[in-house]
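Chemist: Dropping in input-v3.cif, which is mmCIF, C-alpha atoms:
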data_final
#
loop_
_atom_site.label_atom_id
_atom_site.label_comp_id
_atom_site.auth_asym_id
_atom_site.auth_seq_id
_atom_site.Cartn_x
_atom_site.Cartn_y
_atom_site.Cartn_z
CA MET K 550 -10.87 -2.35 -12.73
CA LYS K 551 -7.65 -1.21 -11.05
CA ASN K 552 -7.71 -0.52 -7.32
CA ILE K 553 -5.84 2.48 -6.01
CA ALA K 554 -5.01 3.60 -2.48
CA ILE K 555 -4.72 7.26 -1.62
CA PHE K 556 -2.38 8.37 1.17
CA SER K 557 -2.93 11.88 2.52
CA SER K 558 -1.90 13.74 5.65
CA HIS K 559 -4.37 16.61 5.46
CA ASN K 560 -7.22 17.72 3.18
CA GLY K 561 -6.61 15.31 0.34
CA SER K 562 -7.34 17.63 -2.57
CA GLY K 563 -5.85 14.93 -4.81
CA PHE K 564 -8.44 12.53 -3.39
CA ASP K 565 -11.18 15.03 -4.32
CA THR K 566 -9.81 15.31 -7.86
CA ILE K 567 -9.55 11.55 -8.38
CA LEU K 568 -12.99 10.86 -6.87
CA ALA K 569 -14.59 13.54 -9.07
CA ALA K 570 -12.88 12.09 -12.18
CA ILE K 571 -14.15 8.60 -11.30
CA LYS K 572 -17.71 9.91 -10.85
CA GLU K 573 -17.45 11.78 -14.17
CA LYS K 574 -16.23 8.53 -15.83
CA LYS K 575 -12.87 10.10 -16.76
CA LEU K 576 -10.94 7.56 -14.64
CA PRO K 577 -12.09 3.92 -14.78
CA ILE K 578 -10.45 2.98 -11.46
CA ASN K 579 -11.60 2.26 -7.93
CA ILE K 580 -10.39 3.98 -4.76
CA SER K 581 -10.42 1.01 -2.41
CA LEU K 582 -8.39 2.47 0.44
CA VAL K 583 -7.55 5.82 2.03
CA ILE K 584 -4.74 6.12 4.58
CA SER K 585 -3.73 9.07 6.72
CA ASN K 586 -1.06 9.44 9.38
CA ASN K 587 -3.06 12.32 10.88
CA THR K 588 -5.98 11.55 13.20
CA ASN K 589 -7.73 14.82 12.28
CA SER K 590 -7.26 14.58 8.52
CA PRO K 591 -10.41 15.67 6.64
CA VAL K 592 -9.63 13.09 3.94
CA LEU K 593 -10.71 10.35 6.37
CA GLN K 594 -14.16 11.92 6.78
CA LYS K 595 -14.47 12.29 3.01
CA ALA K 596 -13.58 8.62 2.54
CA THR K 597 -16.15 7.57 5.15
CA GLN K 598 -18.83 9.68 3.47
CA ASN K 599 -18.05 7.89 0.19
CA LYS K 600 -18.01 4.43 1.84
CA ILE K 601 -14.29 3.91 1.18
CA ASN K 602 -12.18 1.89 3.63
CA ASN K 603 -9.97 4.30 5.55
CA TYR K 604 -7.43 4.00 8.32
CA ILE K 605 -5.13 6.06 10.48
CA VAL K 606 -1.66 4.52 10.39
CA ASN K 607 1.11 6.13 12.40
CA GLN K 608 3.73 5.41 15.07
CA ASN K 609 1.08 5.83 17.79
CA ASN K 610 -1.03 2.87 16.69
CA CYS K 611 1.42 0.35 15.23
CA ASP K 612 4.99 -0.80 15.74
CA ASP K 613 6.01 -0.70 12.07
CA VAL K 614 4.10 1.71 9.84
CA ASN K 615 5.40 0.23 6.58
CA ILE K 616 4.43 -3.34 7.58
CA LYS K 617 0.92 -2.16 8.55
CA LEU K 618 0.58 -0.22 5.27
CA THR K 619 1.64 -3.33 3.33
CA GLU K 620 -0.98 -5.44 5.12
CA LEU K 621 -3.76 -2.93 4.39
CA LEU K 622 -2.71 -2.55 0.75
CA LYS K 623 -2.80 -6.33 0.25
CA GLN K 624 -6.13 -6.72 2.10
CA ASN K 625 -7.67 -4.08 -0.15
CA ARG K 626 -6.02 -5.47 -3.33
CA CYS K 627 -4.19 -2.24 -4.12
CA GLU K 628 -1.31 -2.37 -6.55
CA TYR K 629 -1.23 1.42 -6.96
CA ILE K 630 -0.82 4.22 -4.43
CA PHE K 631 -1.36 7.92 -5.06
CA LEU K 632 0.19 10.35 -2.58
CA ALA K 633 -2.09 13.35 -2.10
CA GLY K 634 -0.07 15.48 0.29
CA TYR K 635 1.24 12.55 2.33
CA MET K 636 3.93 14.00 4.56
CA LYS K 637 5.75 10.82 5.58
CA LYS K 638 8.52 9.06 3.71
CA LEU K 639 7.63 5.54 2.60
CA GLY K 640 10.06 2.70 3.17
CA PRO K 641 11.47 0.40 0.48
CA ILE K 642 8.97 -2.34 1.42
CA ILE K 643 6.33 -0.01 -0.06
CA THR K 644 8.24 1.66 -2.91
CA ASP K 645 9.73 -1.64 -4.13
CA ASN K 646 6.49 -3.65 -4.02
CA PHE K 647 3.80 -1.18 -5.10
CA LYS K 648 3.48 1.39 -7.86
CA VAL K 649 3.51 4.72 -6.05
CA LEU K 650 2.75 8.07 -7.70
CA ASN K 651 3.12 11.54 -6.28
CA THR K 652 2.22 15.03 -7.37
CA HIS K 653 4.85 17.74 -6.87
CA PRO K 654 4.00 21.46 -7.18
CA ALA K 655 6.97 22.39 -9.39
CA LEU K 656 8.81 21.18 -12.47
CA LEU K 657 11.17 18.52 -11.19
CA PRO K 658 14.09 18.06 -10.97
CA LYS K 659 14.10 21.73 -9.92
CA HIS K 660 12.74 22.61 -6.48
CA GLY K 661 12.41 19.07 -5.17
CA GLY K 662 13.84 17.13 -2.27
CA SER K 663 13.43 16.97 1.48
CA GLY K 664 11.48 19.92 2.88
CA MET K 665 10.26 21.03 -0.55
CA TYR K 666 6.48 20.98 -0.32
CA GLY K 667 3.60 23.43 -0.43
CA LYS K 668 4.48 27.08 0.03
CA TYR K 669 8.20 26.29 0.42
CA VAL K 670 8.32 25.12 -3.18
CA HIS K 671 6.53 28.21 -4.48
CA GLN K 672 8.75 30.49 -2.41
CA ALA K 673 11.85 28.79 -3.88
CA VAL K 674 10.48 29.17 -7.43
CA ILE K 675 9.86 32.89 -6.93
CA GLU K 676 13.20 33.50 -5.19
CA ALA K 677 14.99 31.73 -8.08
CA LYS K 678 13.25 34.20 -10.45
CA GLU K 679 11.85 31.34 -12.54
CA SER K 680 9.64 32.37 -15.45
CA ILE K 681 7.72 29.09 -15.45
CA SER K 682 6.61 26.57 -12.86
CA GLY K 683 4.12 23.76 -12.91
CA VAL K 684 3.16 20.34 -11.67
CA THR K 685 5.04 17.06 -11.93
CA ILE K 686 3.43 13.64 -11.60
CA HIS K 687 6.19 11.16 -10.83
CA GLU K 688 6.90 7.70 -9.50
CA VAL K 689 8.10 7.47 -5.92
CA ASN K 690 11.30 5.66 -5.01
CA ALA K 691 13.70 5.73 -2.06
CA GLU K 692 14.87 9.32 -2.78
CA TYR K 693 12.63 12.38 -2.39
CA ASP K 694 11.25 13.60 -5.73
CA SER K 695 13.68 11.60 -7.88
CA GLY K 696 11.43 8.91 -9.38
CA GLU K 697 10.61 8.68 -13.07
CA ILE K 698 8.61 11.64 -14.36
CA ILE K 699 5.27 10.56 -15.79
CA LEU K 700 3.86 13.94 -16.80
CA GLN K 701 4.54 17.65 -16.37
CA LYS K 702 2.22 20.60 -16.88
CA GLU K 703 3.64 24.10 -16.85
CA LEU K 704 2.43 27.65 -16.42
CA LYS K 705 4.00 31.07 -16.84
CA LEU K 706 4.57 33.16 -13.74
CA ALA K 707 3.12 36.67 -13.64
CA GLU K 708 5.53 39.58 -13.11
CA ASN K 709 4.10 40.29 -9.67
CA GLU K 710 3.64 36.63 -8.68
CA THR K 711 3.35 35.91 -4.95
CA VAL K 712 3.65 32.62 -3.11
CA GLU K 713 -0.12 32.68 -2.54
CA SER K 714 -1.07 33.48 -6.14
CA LEU K 715 1.31 30.84 -7.50
CA GLN K 716 0.01 28.25 -5.05
CA ALA K 717 -3.59 28.92 -6.17
CA LYS K 718 -2.65 28.56 -9.86
CA ILE K 719 -0.68 25.36 -9.21
CA LYS K 720 -3.62 23.85 -7.26
CA GLU K 721 -5.85 24.34 -10.31
CA LEU K 722 -3.25 22.97 -12.72
CA GLU K 723 -2.73 20.00 -10.43
CA LYS K 724 -6.35 18.88 -10.95
CA VAL K 725 -5.68 18.45 -14.67
CA ALA K 726 -2.24 16.92 -14.19
CA ILE K 727 -3.43 14.29 -11.69
CA VAL K 728 -6.12 12.92 -14.01
CA GLU K 729 -3.93 13.03 -17.13
CA GLY K 730 -1.00 11.51 -15.22
CA LEU K 731 -3.09 8.62 -13.91
CA VAL K 732 -4.59 7.93 -17.34
CA LYS K 733 -1.10 7.85 -18.84
CA TYR K 734 0.52 5.83 -16.06
CA LEU K 735 -2.27 3.28 -15.72
CA ASN K 736 -2.64 3.07 -19.51
CA ILE K 737 -6.38 3.63 -19.33
CA SER K 738 -8.78 5.71 -21.36
#
I'd like the structure from this file rewritten - as structure tokens, please.

Modeler:
Amino acid sequence: MKNIAIFSSHNGSGFDTILAAIKEKKLPINISLVISNNTNSPVLQKATQNKINNYIVNQNNCDDVNIKLTELLKQNRCEYIFLAGYMKKLGPIITDNFKVLNTHPALLPKHGGSGMYGKYVHQAVIEAKESISGVTIHEVNAEYDSGEIILQKELKLAENETVESLQAKIKELEKVAIVEGLVKYLNIS
């Protein structure tokens, strides 16, 4: 069984989705590690409740975050990392030595890059008068949102779409995209 690490800065809704899919036997993988850079991240409590190794790794508790992440990934035998709202850029020591996937709340290459996350993405989509948006599951490399696209799911925007309504729709679509993207990327069924 493949071990995966989940990095999240806040709630970790991607963690919830992956854990639920594992429990429902839709994803034959193991979450062996959860990392957050945020001391108060709810994802850490969720990991503890599910008896999953979890750590806070940030500039306050280690000299080199990327070296510490590498050590933890190796200790927990993780080849794969899934970013579930992780708000820190990973260094090349991580992106060159591990398979890192991210979920982006728009159809890349549009509306990606530094500063394009959460409501800012949805606001940009609406301001650009896009008729469709969606979710992209992609590999992570040294550039923001420029790694190979694994899977995209799209949805049509309503005429009176707001940032909040689009965000809610994308969150639901993301649940499907994450599971399908992992199945495709990990070549599992």

Chemist: Name the residues that the PyMOL selection byres ((chain K and resi 726) around 12) picks from the file above, as a VMD selection string, using the file's chain letters and numbers.

Modeler: chain K and resid 563 566 to 567 570 651 to 656 683 to 687 699 to 704 719 to 725 727 to 734

Chemist: Can I get the selection written as a short mmCIF file (atom, residue, chain, number, x, y, z; two decimals), in the coordinates of the input, with C-alpha atoms?

Modeler:
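Generated file (selection-v9.cif):
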data_model
loop_
_atom_site.label_atom_id
_atom_site.label_comp_id
_atom_site.auth_asym_id
_atom_site.auth_seq_id
_atom_site.Cartn_x
_atom_site.Cartn_y
_atom_site.Cartn_z
CA GLY K 563 -5.85 14.93 -4.81
CA THR K 566 -9.81 15.31 -7.86
CA ILE K 567 -9.55 11.55 -8.38
CA ALA K 570 -12.88 12.09 -12.18
CA ASN K 651 3.12 11.54 -6.28
CA THR K 652 2.22 15.03 -7.37
CA HIS K 653 4.85 17.74 -6.87
CA PRO K 654 4.00 21.46 -7.18
CA ALA K 655 6.97 22.39 -9.39
CA LEU K 656 8.81 21.18 -12.47
CA GLY K 683 4.12 23.76 -12.91
CA VAL K 684 3.16 20.34 -11.67
CA THR K 685 5.04 17.06 -11.93
CA ILE K 686 3.43 13.64 -11.60
CA HIS K 687 6.19 11.16 -10.83
CA ILE K 699 5.27 10.56 -15.79
CA LEU K 700 3.86 13.94 -16.80
CA GLN K 701 4.54 17.65 -16.37
CA LYS K 702 2.22 20.60 -16.88
CA GLU K 703 3.64 24.10 -16.85
CA LEU K 704 2.43 27.65 -16.42
CA ILE K 719 -0.68 25.36 -9.21
CA LYS K 720 -3.62 23.85 -7.26
CA GLU K 721 -5.85 24.34 -10.31
CA LEU K 722 -3.25 22.97 -12.72
CA GLU K 723 -2.73 20.00 -10.43
CA LYS K 724 -6.35 18.88 -10.95
CA VAL K 725 -5.68 18.45 -14.67
CA ILE K 727 -3.43 14.29 -11.69
CA VAL K 728 -6.12 12.92 -14.01
CA GLU K 729 -3.93 13.03 -17.13
CA GLY K 730 -1.00 11.51 -15.22
CA LEU K 731 -3.09 8.62 -13.91
CA VAL K 732 -4.59 7.93 -17.34
CA LYS K 733 -1.10 7.85 -18.84
CA TYR K 734 0.52 5.83 -16.06
#

Chemist: Hey, which of K:Met636, K:Val670, K:Ala717, K:Ile737 ends up closest to K:Pro577? Count only C-alpha atoms.

Modeler: K:Ile737

Chemist: At a cut-off of 9 Å, can you tabulate as JSON lines every residue of stretch 686-735 of chain K near stretch 657-663 of chain K together with its closest atom pair and the distance in Å to one decimal, using only C-alpha atoms and ordering rows by chain then number?

Modeler:
{"residue": "K:His687", "atom": "CA", "partner": "K:Leu657", "partner_atom": "CA", "distance": 8.9}
{"residue": "K:Glu692", "atom": "CA", "partner": "K:Gly662", "partner_atom": "CA", "distance": 7.9}
{"residue": "K:Tyr693", "atom": "CA", "partner": "K:Gly662", "partner_atom": "CA", "distance": 4.9}
{"residue": "K:Asp694", "atom": "CA", "partner": "K:Gly662", "partner_atom": "CA", "distance": 5.6}
{"residue": "K:Ser695", "atom": "CA", "partner": "K:Pro658", "partner_atom": "CA", "distance": 7.2}
{"residue": "K:Ile698", "atom": "CA", "partner": "K:Leu657", "partner_atom": "CA", "distance": 8.0}
{"residue": "K:Gln701", "atom": "CA", "partner": "K:Leu657", "partner_atom": "CA", "distance": 8.5}

Chemist: Considering only C-alpha atoms, return as a list in words whatever protein or nucleic-acid residues lie within 7 Å of K:Leu650, sequence-local ones (same chain, fewer than 4 positions apart) excluded.

Modeler: Ile630, Phe631, Leu632, Ile686, His687, Glu688 and Val689 of chain K

Chemist: Please evaluate the PyMOL selection byres ((chain K and resi 585) around 6) against the structure above and give the resulting residues as number ranges by chain.

Modeler: K: 556-558, 584, 586-587, 605

Chemist: Just to be explicit: take each residue in the selection above, keep C-alpha atoms, and write the result as a PDB file, in the frame of the given file.

Modeler:
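As written to disk, again-v1.pdb reads:
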ATOM      1  CA  PHE K 556      -2.380   8.370   1.170  1.00  0.00           C
ATOM      2  CA  SER K 557      -2.930  11.880   2.520  1.00  0.00           C
ATOM      3  CA  SER K 558      -1.900  13.740   5.650  1.00  0.00           C
ATOM      4  CA  ILE K 584      -4.740   6.120   4.580  1.00  0.00           C
ATOM      5  CA  ASN K 586      -1.060   9.440   9.380  1.00  0.00           C
ATOM      6  CA  ASN K 587      -3.060  12.320  10.880  1.00  0.00           C
ATOM      7  CA  ILE K 605      -5.130   6.060  10.480  1.00  0.00           C
TER       8      ILE K 605
END

Chemist: Which value, in Å to one decimal, gives the distance between atom CA of K:Ala691 and atom CA of K:Asp645?

Modeler: 8.6 Å

Chemist: Could you state the separation of atom CA of K:Ala707 and atom CA of K:Val674 in Å, given to one decimal place?

Modeler: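 A separation of 12.2 Å between them.
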
Chemist: Taking all atoms listed in the file into account, which of K:His671, K:Lys718, K:Thr644, K:Ser680 comes nearest K:Lys705?

Modeler: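 Under the stated criterion, the closest residue is K:Ser680.
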
Chemist: Find, counting only C-alpha atoms, the residue in K:Leu582, K:Ile571, K:Ala673, K:Ala633 that gets nearest to K:Leu621.

Modeler: K:Leu582

Chemist: Please list, as a ChimeraX atom specification, the residues that have an atom at most 10 Å away from (-14.4, 14.3, 3.1) in the coordinates of this file, counting only C-alpha atoms.

Modeler: /K:560-562,564-565,590-599

Chemist: Where does the PyMOL selection byres ((chain K and resi 617) around 12) land in this file, that is, which residues does it pick, as an MDAnalysis selection string?

Modeler: chainID K and resid 584 586 604:608 610:616 618:624 639:640 642:643

Chemist: Determine the nearest neighbour of K:Gly667 from the options K:Ser682, K:Gln716, K:Asn602, K:Asn709, counting only C-alpha atoms.

Modeler: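 Going through K:Ser682, K:Gln716, K:Asn602, K:Asn709 one by one, the smallest distance to K:Gly667 is for K:Gln716.
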
Chemist: Once all heavy atoms are restored for stretch 664-675 of chain K, what would the output be as a compact mmCIF listing (two decimals), keeping the file's coordinate frame?

Modeler:
# COMPACT_ATOMS: atom_id res chain seq x y z
N GLY K 664 11.91 18.59 2.44
CA GLY K 664 11.48 19.92 2.88
C GLY K 664 10.84 20.76 1.79
O GLY K 664 10.36 21.86 2.05
N MET K 665 10.83 20.26 0.56
CA MET K 665 10.26 21.03 -0.55
C MET K 665 8.82 20.57 -0.80
O MET K 665 8.57 19.62 -1.54
CB MET K 665 11.11 20.87 -1.81
CG MET K 665 12.48 21.52 -1.68
SD MET K 665 12.40 23.28 -1.27
CE MET K 665 12.02 23.97 -2.86
N TYR K 666 7.90 21.26 -0.14
CA TYR K 666 6.48 20.98 -0.32
C TYR K 666 5.71 22.27 -0.10
O TYR K 666 6.21 23.21 0.52
CB TYR K 666 6.00 19.88 0.65
CG TYR K 666 6.16 20.24 2.11
CD1 TYR K 666 5.13 20.86 2.80
CD2 TYR K 666 7.35 19.98 2.79
CE1 TYR K 666 5.28 21.20 4.14
CE2 TYR K 666 7.50 20.31 4.12
CZ TYR K 666 6.46 20.93 4.79
OH TYR K 666 6.60 21.28 6.11
N GLY K 667 4.50 22.29 -0.63
CA GLY K 667 3.60 23.43 -0.43
C GLY K 667 4.24 24.78 -0.69
O GLY K 667 4.95 24.97 -1.68
N LYS K 668 4.03 25.70 0.23
CA LYS K 668 4.48 27.08 0.03
C LYS K 668 5.99 27.20 -0.09
O LYS K 668 6.50 28.11 -0.71
CB LYS K 668 3.96 27.98 1.15
CG LYS K 668 4.56 27.70 2.51
CD LYS K 668 4.01 28.65 3.56
CE LYS K 668 4.69 28.37 4.90
NZ LYS K 668 4.22 29.27 5.93
N TYR K 669 6.73 26.24 0.49
CA TYR K 669 8.20 26.29 0.42
C TYR K 669 8.69 26.12 -1.03
O TYR K 669 9.66 26.74 -1.43
CB TYR K 669 8.82 25.22 1.32
CG TYR K 669 8.38 25.36 2.76
CD1 TYR K 669 7.52 24.43 3.33
CD2 TYR K 669 8.78 26.45 3.54
CE1 TYR K 669 7.09 24.57 4.64
CE2 TYR K 669 8.35 26.60 4.85
CZ TYR K 669 7.50 25.65 5.39
OH TYR K 669 7.06 25.80 6.68
N VAL K 670 7.97 25.30 -1.77
CA VAL K 670 8.32 25.12 -3.18
C VAL K 670 8.07 26.41 -3.95
O VAL K 670 8.92 26.89 -4.69
CB VAL K 670 7.51 23.96 -3.82
CG1 VAL K 670 7.79 23.87 -5.31
CG2 VAL K 670 7.82 22.65 -3.13
N HIS K 671 6.89 26.99 -3.75
CA HIS K 671 6.53 28.21 -4.48
C HIS K 671 7.45 29.37 -4.12
O HIS K 671 7.82 30.16 -4.98
CB HIS K 671 5.06 28.55 -4.24
CG HIS K 671 4.14 27.41 -4.49
ND1 HIS K 671 4.13 26.72 -5.68
CD2 HIS K 671 3.24 26.78 -3.69
CE1 HIS K 671 3.25 25.74 -5.61
NE2 HIS K 671 2.70 25.76 -4.41
N GLN K 672 7.81 29.45 -2.86
CA GLN K 672 8.75 30.49 -2.41
C GLN K 672 10.10 30.31 -3.11
O GLN K 672 10.70 31.28 -3.59
CB GLN K 672 8.92 30.39 -0.89
CG GLN K 672 9.71 31.51 -0.30
CD GLN K 672 9.69 31.45 1.24
OE1 GLN K 672 8.86 30.75 1.84
NE2 GLN K 672 10.60 32.17 1.84
N ALA K 673 10.57 29.07 -3.21
CA ALA K 673 11.85 28.79 -3.88
C ALA K 673 11.79 29.15 -5.36
O ALA K 673 12.74 29.69 -5.93
CB ALA K 673 12.23 27.32 -3.70
N VAL K 674 10.66 28.85 -6.00
CA VAL K 674 10.48 29.17 -7.43
C VAL K 674 10.56 30.69 -7.64
O VAL K 674 11.26 31.17 -8.53
CB VAL K 674 9.13 28.61 -7.95
CG1 VAL K 674 8.78 29.19 -9.31
CG2 VAL K 674 9.17 27.09 -8.01
N ILE K 675 9.87 31.43 -6.80
CA ILE K 675 9.86 32.89 -6.93
C ILE K 675 11.24 33.48 -6.62
O ILE K 675 11.74 34.34 -7.34
CB ILE K 675 8.75 33.51 -6.05
CG1 ILE K 675 7.38 33.16 -6.65
CG2 ILE K 675 8.92 35.02 -5.91
CD1 ILE K 675 6.20 33.47 -5.78
